[in-house]
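S.K.: Please read through the structure below; I'll follow up with questions.
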Amino acid sequence: MIEKDVIIIGGGAAGFFAAINIAEQNPELKVAILEKGKEGLQKVKISGGGRCNVTHAEFIPQELVQNYPRGEKELLGPFHQFMTGDTIDWFEKRGVALKIEDDGRMFPVSNSSQTIVDCFLNEAKRHKVDVLYNQNVSQIASKTQFEGFEIQTKDDTYRCKKLVIATGSNPKIWNLLEGLGHTILQPVPSLFTFDINDERIKDIPGVVAQNVEIKVLETNLYSEGPLLITHVGMSAPAILKLSAFGAIEFAKRNYKFEIEINFIKQTFEDCLDILKALKHDLAKKTVFKSTQFDLPKRLWQKLVVASSMHEETRWADLNKQQLENLASQLTQAIFKVEGKSTFKDEFVTAGGIDLKEINFKTFESKLYKNLYFAGEVLNIDAITGGFNFQNAWTGAYIVAKSISK
């Protein structure tokens with residue numbers, strides 16, 4: 001039987017952040033992390049293409065919460081306690097400087113996630129946090145006789161007064177928590193790209209339309225931003241944002257639905273007027289070769305061909321129907337989505353512990369005293385860009401503050 005004051009299950013971002021802050025704020029407490037793998041912080045290591053997208057340069061809580069399809073309402077209070085500025089400050093005090101990229105994402109200046117991993121491992125060591133690997137938890141029991149918890153792994157039994165669950169999207173732990181009476185909302189993927197098989201985007205992977213508007217038909221889901229054409233369909237922020245906000249809806253539809261794309265952010269009527277003027281101004285030129293609206297050339301050519309024109313068709317020869325076809329392809333192009341692909345290695349899920357069962361002033365369970373949660377084990381998830389990590393830091397910090405008191 002191994003006794004600790006605080007046990008944290010899960011050696012990822014939230015687990016390490018909670019452990020370090022507890023041990024630092026109250027050095028009297030004996031703190032241990034139980035990690036099922038042979039090393040921890042795996043998601044930190046691969047995030048942001050191995051650079052670790054630590055947070056996002058958004059400094060107003062009301063604005064920050066809008067990046068969380070699940071958790072928006074609940075995180076507003078916590079973000080007033082600990083948010084982006086505090087994250088930057090926390091890392092800088094420990095020798096890790098962060099930088100802001102043009103799109104608002106923040107990375108270590110070193111451009112390497114290893115900097116973050118090393119920082120956590122060093123801090124854990126410095127504050128005497130016991131990090132125990134290969135500890136696959138098989139049972140969690142609440143023990144009233146000593147007002148704490150008993151945790152069973154393959155080789156050992158642990159006891160603690162306070163327990164923190166920071167296991168991310170882990171079905172096995174969710175099952176154990178369900179056994180304790182917590183409600184788990186069925187997890188579904190939340191960040192993914194769209195699989196689309198369509199002549200208009202065939203053979204042009206790598207093409208980026210800088211600013212599009214996308215609507216999902218038969219829903220009120222909408223997004224805007226850059227769109228990337230890939231070997232299997234579409235990706236980039238405009239798509240990933242939809243995948244996060246539509247995660248539950250898309251799962252219900254088995255990832256088969258239709259989207260309408262406005263490639264130029266103009267109305268059909270305005271676009272038609274511009275095309276009519278171009279018919280006059282560029283009369284002798286071929287439509288195929290005179291790219292308009294700042295669109296990538298290869299995409300423009302695909303949309304022209306899709307509007308029932310030949311590569312030799314001149315502006316002067318366009319009839320009313322062809323002009324309308326082109327205006328329609330530019331402003332209301334319909335594409336069939338036929339499936340999804342995981343976005344890089346950043347596998348994020350919607351689902352987890354029902355937020356109604358958590359006190360967001362402390363991140364403590366409303367069902368059990370001294371049981372706390374941080375990170376993605378809760379039904380909180382965000383769009384891509386450092387927001388999922390910010391949720392982990394905020395929750396873990398507030399847990400630490402509650403426990404170390």
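Each chain in the structure tokens gets a letter, A, B, ..., in the order shown, and its residues are numbered from 1; ligands are numbered from 1 in order too.
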Would you list the contacts of stretch 178-189 of chain A as a PyMOL selection string, taking every protein, DNA or RNA residue within 10 Å and counting only C-alpha atoms, but skipping same-chain residues closer than 4 positions in sequence?

M.R.: chain A and resi 139-142+169-174+243-244+247-248+250-252+340-342+347-358+365-368+377-379

S.K.: May I have the selected residues written with C-alpha atoms, as a CSV table (one decimal), in the first residue's frame?

M.R.:
chain,number,residue,atom,x,y,z
A,139,GLN,CA,-9.8,0.4,-10.2
A,140,ILE,CA,-10.8,3.6,-8.4
A,141,ALA,CA,-12.7,3.3,-5.2
A,142,SER,CA,-14.0,6.0,-2.8
A,169,SER,CA,-9.9,11.0,-23.8
A,170,ASN,CA,-9.5,7.6,-22.2
A,171,PRO,CA,-12.5,5.3,-22.5
A,172,LYS,CA,-11.2,2.9,-19.8
A,173,ILE,CA,-11.0,5.7,-17.2
A,174,TRP,CA,-14.4,7.0,-18.3
A,243,SER,CA,-15.5,19.8,-37.6
A,244,ALA,CA,-15.3,21.0,-34.0
A,247,ALA,CA,-18.8,17.2,-34.2
A,248,ILE,CA,-22.0,15.7,-32.7
A,250,PHE,CA,-21.7,15.0,-38.2
A,251,ALA,CA,-21.3,11.8,-36.1
A,252,LYS,CA,-25.1,11.5,-36.2
A,340,LYS,CA,-13.5,12.2,-42.5
A,341,SER,CA,-9.8,11.9,-41.9
A,342,THR,CA,-7.9,12.6,-38.7
A,347,PHE,CA,-6.8,13.8,-32.2
A,348,VAL,CA,-9.3,15.6,-30.1
A,349,THR,CA,-12.7,14.3,-29.0
A,350,ALA,CA,-16.0,15.9,-28.0
A,351,GLY,CA,-17.5,14.0,-25.1
A,352,GLY,CA,-16.4,13.1,-21.5
A,353,ILE,CA,-17.7,13.9,-18.1
A,354,ASP,CA,-20.9,15.8,-18.0
A,355,LEU,CA,-20.1,19.4,-17.1
A,356,LYS,CA,-23.2,19.7,-14.9
A,357,GLU,CA,-21.4,17.4,-12.4
A,358,ILE,CA,-18.4,19.8,-11.9
A,365,SER,CA,-16.7,16.7,-8.6
A,366,LYS,CA,-20.1,17.6,-7.3
A,367,LEU,CA,-20.6,13.9,-6.5
A,368,TYR,CA,-17.4,13.3,-4.5
A,377,VAL,CA,-11.4,14.0,-19.5
A,378,LEU,CA,-14.2,16.6,-19.2
A,379,ASN,CA,-16.7,17.3,-22.0

S.K.: Residues near A:Val212, anyone? I mean within 8 Å using only C-alpha atoms, not counting same-chain ones fewer than 2 positions away, as a ChimeraX atom specification.

M.R.: /A:209-210,214,224-227,238,261-265

S.K.: Let me see the file: selected residues, N, CA and C atoms, as a compact mmCIF listing (two decimals), in the first residue's frame.

M.R.:
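Saved as part.txt:
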# COMPACT_ATOMS: atom_id res chain seq x y z
N ALA A 209 -7.48 28.47 -50.91
CA ALA A 209 -8.34 29.65 -51.13
C ALA A 209 -8.30 30.42 -49.81
N GLN A 210 -7.81 31.65 -49.86
CA GLN A 210 -7.45 32.35 -48.62
C GLN A 210 -8.62 32.67 -47.70
N ILE A 214 -18.27 28.93 -45.62
CA ILE A 214 -18.84 27.59 -45.80
C ILE A 214 -20.08 27.43 -44.95
N GLU A 224 -15.79 30.54 -41.67
CA GLU A 224 -15.06 31.25 -42.72
C GLU A 224 -13.57 31.19 -42.42
N GLY A 225 -12.76 31.45 -43.44
CA GLY A 225 -11.30 31.42 -43.24
C GLY A 225 -10.64 30.70 -44.41
N PRO A 226 -9.35 30.37 -44.25
CA PRO A 226 -8.62 29.70 -45.33
C PRO A 226 -9.12 28.27 -45.53
N LEU A 227 -9.08 27.83 -46.79
CA LEU A 227 -9.50 26.47 -47.16
C LEU A 227 -8.36 25.83 -47.95
N ALA A 238 -10.98 26.82 -41.96
CA ALA A 238 -12.42 26.92 -42.27
C ALA A 238 -13.11 25.57 -42.07
N ILE A 261 -20.01 26.27 -50.56
CA ILE A 261 -18.84 27.15 -50.39
C ILE A 261 -18.98 28.39 -51.25
N ASN A 262 -18.74 29.54 -50.61
CA ASN A 262 -18.63 30.80 -51.33
C ASN A 262 -17.14 31.14 -51.37
N PHE A 263 -16.51 30.93 -52.53
CA PHE A 263 -15.05 31.09 -52.63
C PHE A 263 -14.60 32.54 -52.62
N ILE A 264 -15.54 33.47 -52.89
CA ILE A 264 -15.10 34.87 -53.07
C ILE A 264 -15.79 35.85 -52.12
N LYS A 265 -16.64 35.32 -51.21
CA LYS A 265 -17.34 36.16 -50.23
C LYS A 265 -18.10 37.32 -50.88

S.K.: Just the residues within 8 Å of A:Val216, please, counting only C-alpha atoms, with nothing from its chain fewer than 5 positions along; format it as a list in words.

M.R.: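 Selected residues are Leu221, Tyr222, Phe257, Glu258, Ile259 and Glu260 of chain A.
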
S.K.: Selection from above, N, CA and C atoms, as a JSON list (two decimals), in the first residue's frame, can you write it?

M.R.:
[["chain", "number", "residue", "atom", "x", "y", "z"],
["A", 221, "LEU", "N", -24.81, 25.48, -39.18],
["A", 221, "LEU", "CA", -23.35, 25.51, -39.03],
["A", 221, "LEU", "C", -22.73, 26.33, -40.16],
["A", 222, "TYR", "N", -21.77, 27.18, -39.77],
["A", 222, "TYR", "CA", -21.18, 28.11, -40.73],
["A", 222, "TYR", "C", -19.75, 28.40, -40.28],
["A", 257, "PHE", "N", -22.71, 14.47, -45.60],
["A", 257, "PHE", "CA", -23.54, 15.68, -45.63],
["A", 257, "PHE", "C", -23.06, 16.56, -46.77],
["A", 258, "GLU", "N", -23.74, 17.68, -46.99],
["A", 258, "GLU", "CA", -23.35, 18.58, -48.08],
["A", 258, "GLU", "C", -22.96, 19.96, -47.55],
["A", 259, "ILE", "N", -21.96, 20.54, -48.17],
["A", 259, "ILE", "CA", -21.55, 21.90, -47.80],
["A", 259, "ILE", "C", -21.68, 22.82, -49.01],
["A", 260, "GLU", "N", -21.94, 24.09, -48.72],
["A", 260, "GLU", "CA", -21.99, 25.10, -49.79],
["A", 260, "GLU", "C", -20.85, 26.08, -49.54]]

S.K.: Point out the residue among A:Phe268, A:Thr291, A:Gly48, A:Phe79 with the least atom-to-atom distance to A:Pro61, counting only C-alpha atoms.

M.R.: A:Phe79

S.K.: When distances are computed from only C-alpha atoms, which of A:Phe373, A:Phe192, A:Trp393, A:Trp300 shows the smallest separation from A:Gly339?

M.R.: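 Smallest separation from A:Gly339 among the options: A:Phe192.
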
S.K.: Could you pull the residues within 9 Å of A:Asn26, counting only C-alpha atoms, minus those fewer than 4 positions along the same chain, as a ChimeraX atom specification?

M.R.: /A:21-22,403-405

S.K.: Report as a CSV table (one decimal) with C-alpha atoms, in the first residue's frame: the residues of stretch 253-336 of chain A with a DSSP assignment of helix (DSSP H, G or I), based on the backbone of this structure.

M.R.:
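Output below, filename selection-v4.csv:
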chain,number,residue,atom,x,y,z
A,268,PHE,CA,-24.4,35.6,-56.5
A,269,GLU,CA,-25.9,38.9,-57.9
A,270,ASP,CA,-22.8,41.0,-57.2
A,271,CYS,CA,-20.6,38.3,-58.7
A,272,LEU,CA,-22.8,38.1,-61.8
A,273,ASP,CA,-22.6,41.9,-62.3
A,274,ILE,CA,-18.7,41.7,-62.1
A,275,LEU,CA,-18.6,38.8,-64.6
A,276,LYS,CA,-20.9,40.8,-67.0
A,277,ALA,CA,-18.4,43.7,-66.8
A,278,LEU,CA,-15.5,41.3,-67.4
A,279,LYS,CA,-17.3,39.9,-70.5
A,280,HIS,CA,-17.1,43.4,-71.9
A,281,ASP,CA,-13.6,44.4,-70.6
A,297,LYS,CA,-5.2,29.9,-60.8
A,298,ARG,CA,-5.7,26.1,-60.7
A,299,LEU,CA,-8.9,26.4,-58.7
A,300,TRP,CA,-10.3,29.2,-61.0
A,301,GLN,CA,-9.6,26.9,-64.0
A,302,LYS,CA,-11.4,24.0,-62.4
A,303,LEU,CA,-14.5,26.2,-61.6
A,304,VAL,CA,-14.5,27.5,-65.2
A,305,VAL,CA,-14.5,24.0,-66.6
A,306,ALA,CA,-17.3,23.1,-64.2
A,315,TRP,CA,-15.3,36.2,-72.5
A,316,ALA,CA,-17.1,37.8,-75.4
A,317,ASP,CA,-18.7,34.4,-76.3
A,320,LYS,CA,-26.3,34.1,-70.0
A,321,GLN,CA,-26.3,30.5,-68.8
A,322,GLN,CA,-22.5,30.2,-68.6
A,323,LEU,CA,-22.2,33.5,-66.8
A,324,GLU,CA,-24.8,32.3,-64.2
A,325,ASN,CA,-23.1,28.9,-63.9
A,326,LEU,CA,-19.7,30.6,-63.2
A,327,ALA,CA,-21.3,33.0,-60.6
A,328,SER,CA,-22.9,29.9,-59.0
A,329,GLN,CA,-19.6,27.9,-58.9
A,330,LEU,CA,-17.9,30.9,-57.3
A,331,THR,CA,-20.5,31.8,-54.7

S.K.: Residues near A:Asp118, anyone? I mean within 12 Å using only C-alpha atoms, not counting same-chain ones fewer than 2 positions away, as a list in words.

M.R.: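 The residues that qualify are Phe16, Gly40, Leu41, Val44, Lys45, Phe91, Arg94, Gly95, Val96, Ser112, Ser113, Gln114, Thr115, Ile116, Phe120, Leu121, Asn122, Glu123, Ala124, Lys125 and Arg126 of chain A.
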
S.K.: If you count only C-alpha atoms, which residues fall within 12 Å of A:Val54, apart from same-chain ones fewer than 5 positions away, as a compact mmCIF listing (two decimals) with N, CA and C atoms, in the first residue's frame?

M.R.:
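Saved the output as around-v8.txt:
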# COMPACT_ATOMS: atom_id res chain seq x y z
N ALA A 13 -0.35 16.86 -20.33
CA ALA A 13 -0.24 18.30 -20.09
C ALA A 13 -0.93 18.71 -18.79
N LYS A 43 1.32 13.78 -25.97
CA LYS A 43 0.57 14.71 -26.82
C LYS A 43 1.29 16.06 -26.92
N VAL A 44 1.93 16.44 -25.81
CA VAL A 44 2.71 17.69 -25.81
C VAL A 44 3.82 17.58 -26.86
N LYS A 45 4.44 16.40 -26.88
CA LYS A 45 5.57 16.16 -27.78
C LYS A 45 5.19 16.32 -29.25
N ILE A 46 4.02 15.76 -29.65
CA ILE A 46 3.68 15.77 -31.08
C ILE A 46 2.84 16.96 -31.51
N SER A 47 2.33 17.72 -30.52
CA SER A 47 1.41 18.80 -30.89
C SER A 47 2.11 19.86 -31.75
N GLY A 48 1.30 20.49 -32.61
CA GLY A 48 1.83 21.57 -33.45
C GLY A 48 2.98 21.12 -34.31
N MET A 83 -5.54 32.62 -17.35
CA MET A 83 -5.69 32.44 -18.81
C MET A 83 -4.41 32.74 -19.56
N THR A 84 -4.52 33.15 -20.82
CA THR A 84 -3.35 33.23 -21.70
C THR A 84 -2.17 33.98 -21.10
N GLY A 85 -2.43 35.18 -20.58
CA GLY A 85 -1.35 35.98 -20.01
C GLY A 85 -0.65 35.25 -18.87
N THR A 87 -0.48 31.99 -18.51
CA THR A 87 0.27 30.87 -19.10
C THR A 87 1.64 31.36 -19.58
N ILE A 88 1.63 32.47 -20.31
CA ILE A 88 2.88 33.04 -20.85
C ILE A 88 3.84 33.35 -19.69
N TRP A 90 3.80 32.09 -16.65
CA TRP A 90 4.21 30.86 -15.95
C TRP A 90 5.43 30.26 -16.64
N PHE A 91 5.36 30.14 -17.96
CA PHE A 91 6.48 29.54 -18.70
C PHE A 91 7.71 30.43 -18.69
N VAL A 96 11.12 29.52 -20.19
CA VAL A 96 10.63 29.16 -21.53
C VAL A 96 9.91 30.37 -22.14
N ALA A 97 10.58 31.01 -23.10
CA ALA A 97 9.96 32.17 -23.75
C ALA A 97 9.05 31.68 -24.87
N LEU A 98 7.89 32.36 -25.02
CA LEU A 98 6.95 32.00 -26.09
C LEU A 98 6.90 33.12 -27.12
N LYS A 99 6.48 32.76 -28.34
CA LYS A 99 6.34 33.77 -29.41
C LYS A 99 4.98 33.62 -30.07
N ILE A 100 4.50 34.71 -30.65
CA ILE A 100 3.19 34.71 -31.31
C ILE A 100 3.40 34.66 -32.82
N GLU A 101 2.70 33.73 -33.48
CA GLU A 101 2.75 33.68 -34.95
C GLU A 101 1.63 34.56 -35.53
N GLY A 104 -1.93 33.97 -34.55
CA GLY A 104 -2.29 34.02 -33.13
C GLY A 104 -1.81 32.82 -32.33
N ARG A 105 -1.37 31.76 -33.01
CA ARG A 105 -0.89 30.60 -32.26
C ARG A 105 0.42 30.94 -31.56
N MET A 106 0.64 30.35 -30.38
CA MET A 106 1.86 30.64 -29.63
C MET A 106 2.69 29.37 -29.43
N PHE A 107 4.00 29.51 -29.70
CA PHE A 107 4.94 28.39 -29.61
C PHE A 107 6.14 28.80 -28.76
N PRO A 108 6.90 27.81 -28.24
CA PRO A 108 8.16 28.20 -27.60
C PRO A 108 9.09 28.81 -28.66
N VAL A 109 9.88 29.79 -28.25
CA VAL A 109 10.82 30.44 -29.16
C VAL A 109 11.76 29.40 -29.78
N ASN A 111 11.03 26.66 -30.92
CA ASN A 111 10.33 25.90 -31.98
C ASN A 111 10.35 24.40 -31.74
N SER A 112 10.57 23.99 -30.49
CA SER A 112 10.60 22.56 -30.21
C SER A 112 9.76 22.23 -28.98
N SER A 113 8.90 21.22 -29.13
CA SER A 113 8.07 20.81 -28.00
C SER A 113 8.91 20.23 -26.87
N THR A 115 11.31 21.52 -25.44
CA THR A 115 11.52 22.59 -24.45
C THR A 115 10.44 22.53 -23.37
N ILE A 116 9.19 22.30 -23.79
CA ILE A 116 8.08 22.24 -22.84
C ILE A 116 8.18 20.96 -22.01
N VAL A 117 8.46 19.85 -22.68
CA VAL A 117 8.59 18.56 -21.99
C VAL A 117 9.69 18.65 -20.93
N THR A 384 -8.76 24.04 -33.34
CA THR A 384 -7.30 23.95 -33.36
C THR A 384 -6.67 25.34 -33.18
N GLY A 385 -5.48 25.40 -32.59
CA GLY A 385 -4.80 26.68 -32.43
C GLY A 385 -4.26 26.95 -31.04
N GLY A 386 -4.16 25.92 -30.19
CA GLY A 386 -3.61 26.12 -28.84
C GLY A 386 -4.68 26.21 -27.76
N PHE A 387 -5.95 26.15 -28.16
CA PHE A 387 -7.04 26.35 -27.19
C PHE A 387 -7.25 25.13 -26.28
N ASN A 388 -7.02 23.92 -26.82
CA ASN A 388 -7.17 22.73 -25.97
C ASN A 388 -6.13 22.72 -24.86
N PHE A 389 -4.90 23.16 -25.18
CA PHE A 389 -3.88 23.26 -24.13
C PHE A 389 -4.26 24.33 -23.10
N GLN A 390 -4.79 25.46 -23.57
CA GLN A 390 -5.16 26.51 -22.60
C GLN A 390 -6.20 26.00 -21.61
N ASN A 391 -7.13 25.20 -22.09
CA ASN A 391 -8.11 24.58 -21.19
C ASN A 391 -7.41 23.69 -20.16
N ALA A 392 -6.40 22.94 -20.61
CA ALA A 392 -5.65 22.06 -19.70
C ALA A 392 -4.92 22.88 -18.63
N TRP A 393 -4.23 23.95 -19.05
CA TRP A 393 -3.48 24.77 -18.07
C TRP A 393 -4.43 25.41 -17.06

S.K.: To test your reading of the structure, identify every residue in stretch 19-149 of chain A that backbone DSSP assigns to strand (DSSP E), and report it as JSON, numbers by chain.

M.R.: {"A": [31, 32, 33, 34, 55, 56, 98, 99, 100, 105, 106, 107, 108, 130, 131, 132, 137, 138, 139, 140, 141, 142, 143, 148, 149]}

S.K.: For atom CA of A:Glu249 and atom CA of A:Gly12, determine how far apart the two atoms are, in Å to one decimal place.

M.R.: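 Those two atoms sit 28.9 Å apart.
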
S.K.: Find, counting only C-alpha atoms, the residue in A:Ala382, A:Ile7, A:Val164, A:Leu295 that gets nearest to A:Ser190.

M.R.: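 Using only C-alpha atoms, the shortest distance to A:Ser190 belongs to A:Ala382.
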
S.K.: My list of candidates is A:Phe288, A:Met234, A:Phe360, A:Glu213. Which is closest to A:Gln332 when distances are computed with only C-alpha atoms?

M.R.: A:Glu213

S.K.: If I take atom CA of A:Asp156 and atom CA of A:Ile2, how far is one from the other in Å, to one decimal?

M.R.: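 So the two atoms, atom CA of A:Asp156 and atom CA of A:Ile2, lie 7.5 Å apart.
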
S.K.: A:Val232, A:Lys336, A:Lys202, A:Ala283: which is nearest A:Lys256, counting only C-alpha atoms?

M.R.: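 Result for the nearest residue to A:Lys256: A:Lys336.
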
S.K.: So which residues touch A:Tyr68 within 8 Å, counting only C-alpha atoms, skipping near sequence neighbours fewer than 2 positions away, as a list of chain:residue names?

M.R.: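 The contact residues come out as A:Val65, A:Gln66, A:Arg70, A:Gly71, A:Glu72, A:Ile380, A:Asp381, A:Ala382, A:Ile383, A:Phe387.
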